[in-house]
Amino acid sequence: MLSLNEIKTIAIGSKNPVKLNAVKFAFEKLWRSDLFIISVDEPAMRGISHQPLSKEEALQGAKNRADYCFEMHPEIDIAFGVEGGVFFNEKKDKCFLFGVVYARDKDGYENFSYTWDALLPNVVRDRLLAGEELGPVMNQILHKDDIGKTLWTFWVLSNGVIQRTESFMINTVSTLVPRINKERGWY
């Protein structure tokens with residue numbers, strides 16, 4: 001496992017500015033603004049639906065994004081996959097929104113962190129159960145364009161308290177905890 005200070009080049013499996021900034025801001029918070037950052041557009045989710053419907057599927061999507069970064073740029077030190085998803089409770093009468101950040105370094109060490117869950121409104125749940133995707137549903141309900149690259153549903157549901165970039169930034173730092181503390185011998 002590379003320590004935080006050994007990381008020089010990172011890649012993020014997305015062109016979405018929210019996801020890119022989340023990882024960039026995480027490293028800035030950790031006093032690491034000297035990195036070379038590569039944005040890699042993952043053209044196909046490879047077996048993952050556009051709307052992940054479980055934590056396992058979203059984690060696999062985030063992992064696929066990070067793995068793709070290494071396929072395209074084997075010289076990088078660490079890659080991140082950032083993915084949003086929803087899941088239903090057993091009765092399917094409740095639907096929750098969440099996100100996940102996955103990190104893997106060139107030595108194969110991996111870690112991930114889930115965001116908190118937010119209960120989606122019933123009108124959104126019903127449309128997701130009917131097979132629609134969250135982004136277009138929220139765009140239509142809120143009369144917005146491309147909410148996934150700007151406001152994010154957490155922001156709307158929390159009345160502006162939880163921002164998407166900040167949420168993913170916190171989870172990016174969470175994936176780095178073992179690296180931050182490597183010199184202490186804790187990991």
# chains A, B, ... in the order shown; residues from 1 in each chain; ligands from 1
>>> residues_around(residues="A:Thr9", least_positions_apart="2", cutoff="12 Å", atoms="only C-alpha atoms", output="list in words")
Leu2, Leu4, Asn5, Glu6, Ile7, Ala11, Ile12, Lys24, Phe27, Arg32, Ser33, Asp34, Leu35, Phe36, Ile37, Ile38, Ser39, Cys69, Phe70, His73, Pro74, Glu75, Ile76, Asp77, Ile78, Ala79, Phe80, Asp105 and Lys106 of chain A
>>> write_last_selection(atoms="N, CA and C atoms", output="mmCIF file, in the first residue's frame")
data_model
loop_
_atom_site.group_PDB
_atom_site.id
_atom_site.type_symbol
_atom_site.label_atom_id
_atom_site.label_comp_id
_atom_site.auth_asym_id
_atom_site.auth_seq_id
_atom_site.Cartn_x
_atom_site.Cartn_y
_atom_site.Cartn_z
ATOM 1 N N LEU A 2 0.603 2.127 -0.945
ATOM 2 C CA LEU A 2 1.319 3.398 -0.983
ATOM 3 C C LEU A 2 0.821 4.297 0.141
ATOM 4 N N LEU A 4 0.120 8.116 1.664
ATOM 5 C CA LEU A 4 -0.418 9.320 1.044
ATOM 6 C C LEU A 4 0.695 10.119 0.371
ATOM 7 N N ASN A 5 1.842 10.212 1.002
ATOM 8 C CA ASN A 5 2.944 11.008 0.461
ATOM 9 C C ASN A 5 3.634 10.362 -0.731
ATOM 10 N N GLU A 6 3.434 9.069 -0.945
ATOM 11 C CA GLU A 6 4.034 8.382 -2.086
ATOM 12 C C GLU A 6 3.199 8.527 -3.358
ATOM 13 N N ILE A 7 1.993 8.993 -3.248
ATOM 14 C CA ILE A 7 1.092 9.130 -4.389
ATOM 15 C C ILE A 7 1.443 10.401 -5.157
ATOM 16 N N ALA A 11 -5.924 8.986 -11.000
ATOM 17 C CA ALA A 11 -6.906 9.010 -12.083
ATOM 18 C C ALA A 11 -8.289 8.820 -11.479
ATOM 19 N N ILE A 12 -9.251 9.463 -12.114
ATOM 20 C CA ILE A 12 -10.636 9.360 -11.682
ATOM 21 C C ILE A 12 -11.440 8.862 -12.874
ATOM 22 N N LYS A 24 -10.306 15.711 -6.163
ATOM 23 C CA LYS A 24 -9.317 16.795 -6.116
ATOM 24 C C LYS A 24 -9.376 17.522 -4.770
ATOM 25 N N PHE A 27 -7.814 15.589 -1.786
ATOM 26 C CA PHE A 27 -6.353 15.677 -1.717
ATOM 27 C C PHE A 27 -5.904 17.067 -1.280
ATOM 28 N N ARG A 32 -2.309 18.044 -0.296
ATOM 29 C CA ARG A 32 -1.648 17.437 -1.454
ATOM 30 C C ARG A 32 -2.219 18.059 -2.723
ATOM 31 N N SER A 33 -1.742 19.242 -3.087
ATOM 32 C CA SER A 33 -2.198 19.869 -4.326
ATOM 33 C C SER A 33 -1.159 19.714 -5.436
ATOM 34 N N ASP A 34 -0.118 18.926 -5.183
ATOM 35 C CA ASP A 34 0.986 18.753 -6.119
ATOM 36 C C ASP A 34 0.825 17.528 -7.017
ATOM 37 N N LEU A 35 -0.369 17.034 -7.157
ATOM 38 C CA LEU A 35 -0.606 15.787 -7.896
ATOM 39 C C LEU A 35 -0.912 16.037 -9.356
ATOM 40 N N PHE A 36 -0.601 15.052 -10.170
ATOM 41 C CA PHE A 36 -1.021 15.046 -11.558
ATOM 42 C C PHE A 36 -2.316 14.243 -11.622
ATOM 43 N N ILE A 37 -3.389 14.869 -12.095
ATOM 44 C CA ILE A 37 -4.709 14.241 -12.092
ATOM 45 C C ILE A 37 -5.156 13.968 -13.517
ATOM 46 N N ILE A 38 -5.592 12.738 -13.754
ATOM 47 C CA ILE A 38 -6.084 12.321 -15.059
ATOM 48 C C ILE A 38 -7.569 11.981 -14.923
ATOM 49 N N SER A 39 -8.367 12.508 -15.837
ATOM 50 C CA SER A 39 -9.785 12.167 -15.902
ATOM 51 C C SER A 39 -9.981 11.162 -17.025
ATOM 52 N N CYS A 69 -9.328 2.908 -15.352
ATOM 53 C CA CYS A 69 -8.261 3.918 -15.297
ATOM 54 C C CYS A 69 -6.896 3.261 -15.455
ATOM 55 N N PHE A 70 -6.689 2.133 -14.756
ATOM 56 C CA PHE A 70 -5.409 1.429 -14.869
ATOM 57 C C PHE A 70 -5.222 0.798 -16.246
ATOM 58 N N HIS A 73 -4.262 3.901 -18.286
ATOM 59 C CA HIS A 73 -3.071 4.618 -17.799
ATOM 60 C C HIS A 73 -2.356 3.778 -16.744
ATOM 61 N N PRO A 74 -1.638 2.744 -17.147
ATOM 62 C CA PRO A 74 -0.980 1.868 -16.165
ATOM 63 C C PRO A 74 0.104 2.561 -15.350
ATOM 64 N N GLU A 75 0.510 3.747 -15.727
ATOM 65 C CA GLU A 75 1.557 4.472 -15.001
ATOM 66 C C GLU A 75 1.060 5.193 -13.745
ATOM 67 N N ILE A 76 -0.251 5.248 -13.543
ATOM 68 C CA ILE A 76 -0.775 5.993 -12.391
ATOM 69 C C ILE A 76 -0.479 5.270 -11.077
ATOM 70 N N ASP A 77 -0.526 6.028 -9.989
ATOM 71 C CA ASP A 77 -0.299 5.459 -8.652
ATOM 72 C C ASP A 77 -1.588 4.951 -8.024
ATOM 73 N N ILE A 78 -2.688 5.676 -8.240
ATOM 74 C CA ILE A 78 -3.959 5.311 -7.610
ATOM 75 C C ILE A 78 -5.113 5.758 -8.505
ATOM 76 N N ALA A 79 -6.185 4.981 -8.488
ATOM 77 C CA ALA A 79 -7.374 5.304 -9.280
ATOM 78 C C ALA A 79 -8.604 5.293 -8.380
ATOM 79 N N PHE A 80 -9.537 6.151 -8.737
ATOM 80 C CA PHE A 80 -10.787 6.267 -7.993
ATOM 81 C C PHE A 80 -11.967 6.042 -8.915
ATOM 82 N N ASP A 105 -4.739 1.181 -5.611
ATOM 83 C CA ASP A 105 -3.434 1.680 -6.030
ATOM 84 C C ASP A 105 -2.735 0.681 -6.940
ATOM 85 N N LYS A 106 -1.580 1.076 -7.454
ATOM 86 C CA LYS A 106 -0.878 0.250 -8.434
ATOM 87 C C LYS A 106 -0.386 -1.065 -7.852
#
>>> residues_around(residues="stretch 154-162 of chain A", least_positions_apart="3", cutoff="8 Å", atoms="only C-alpha atoms", output="NGL selection string")
:A and (97 or 118 or 120 or 151 or 166-167)
>>> write_last_selection(atoms="N, CA and C atoms", output="short mmCIF file (atom, residue, chain, number, x, y, z; two decimals), in the first residue's frame")
data_model
loop_
_atom_site.label_atom_id
_atom_site.label_comp_id
_atom_site.auth_asym_id
_atom_site.auth_seq_id
_atom_site.Cartn_x
_atom_site.Cartn_y
_atom_site.Cartn_z
N LEU A 97 -31.25 6.65 -1.57
CA LEU A 97 -30.17 7.14 -2.42
C LEU A 97 -28.86 7.05 -1.64
N ALA A 118 -30.19 8.39 1.94
CA ALA A 118 -31.29 9.36 2.05
C ALA A 118 -32.55 8.72 1.46
N LEU A 120 -35.75 8.45 -0.48
CA LEU A 120 -36.31 9.17 -1.62
C LEU A 120 -37.83 9.28 -1.47
N LEU A 151 -26.52 20.02 -8.97
CA LEU A 151 -27.09 20.08 -7.62
C LEU A 151 -27.01 18.76 -6.86
N GLU A 166 -19.14 17.65 -1.81
CA GLU A 166 -18.68 17.50 -0.43
C GLU A 166 -18.89 16.08 0.08
N SER A 167 -20.01 15.49 -0.26
CA SER A 167 -20.30 14.12 0.17
C SER A 167 -19.25 13.15 -0.38
#
>>> closest_residue(among="A:Thr172, A:Gln140, A:Asn64, A:Gly47", to="A:Gly99", atoms="only C-alpha atoms")
A:Thr172
>>> closest_residue(among="A:Lys19, A:Gln51, A:Trp31, A:Val82", to="A:Glu133", atoms="only C-alpha atoms")
A:Gln51
>>> select_by_dssp(residues="chain A", states="strand (DSSP E or B)", output="JSON, numbers by chain")
{"A": [9, 10, 11, 12, 36, 37, 38, 39, 78, 79, 80, 81, 82, 83, 84, 85, 86, 87, 88, 95, 96, 97, 98, 99, 100, 101, 102, 103, 104, 105, 110, 111, 112, 113, 114, 118, 119]}
>>> atom_distance(atom1="atom CA of A:Gly13", atom2="atom CA of A:Ala103")
10.4 Å
>>> closest_residue(among="A:Leu30, A:Ile10, A:Thr115, A:Gly61", to="A:Gln163", atoms="only C-alpha atoms")
A:Thr115
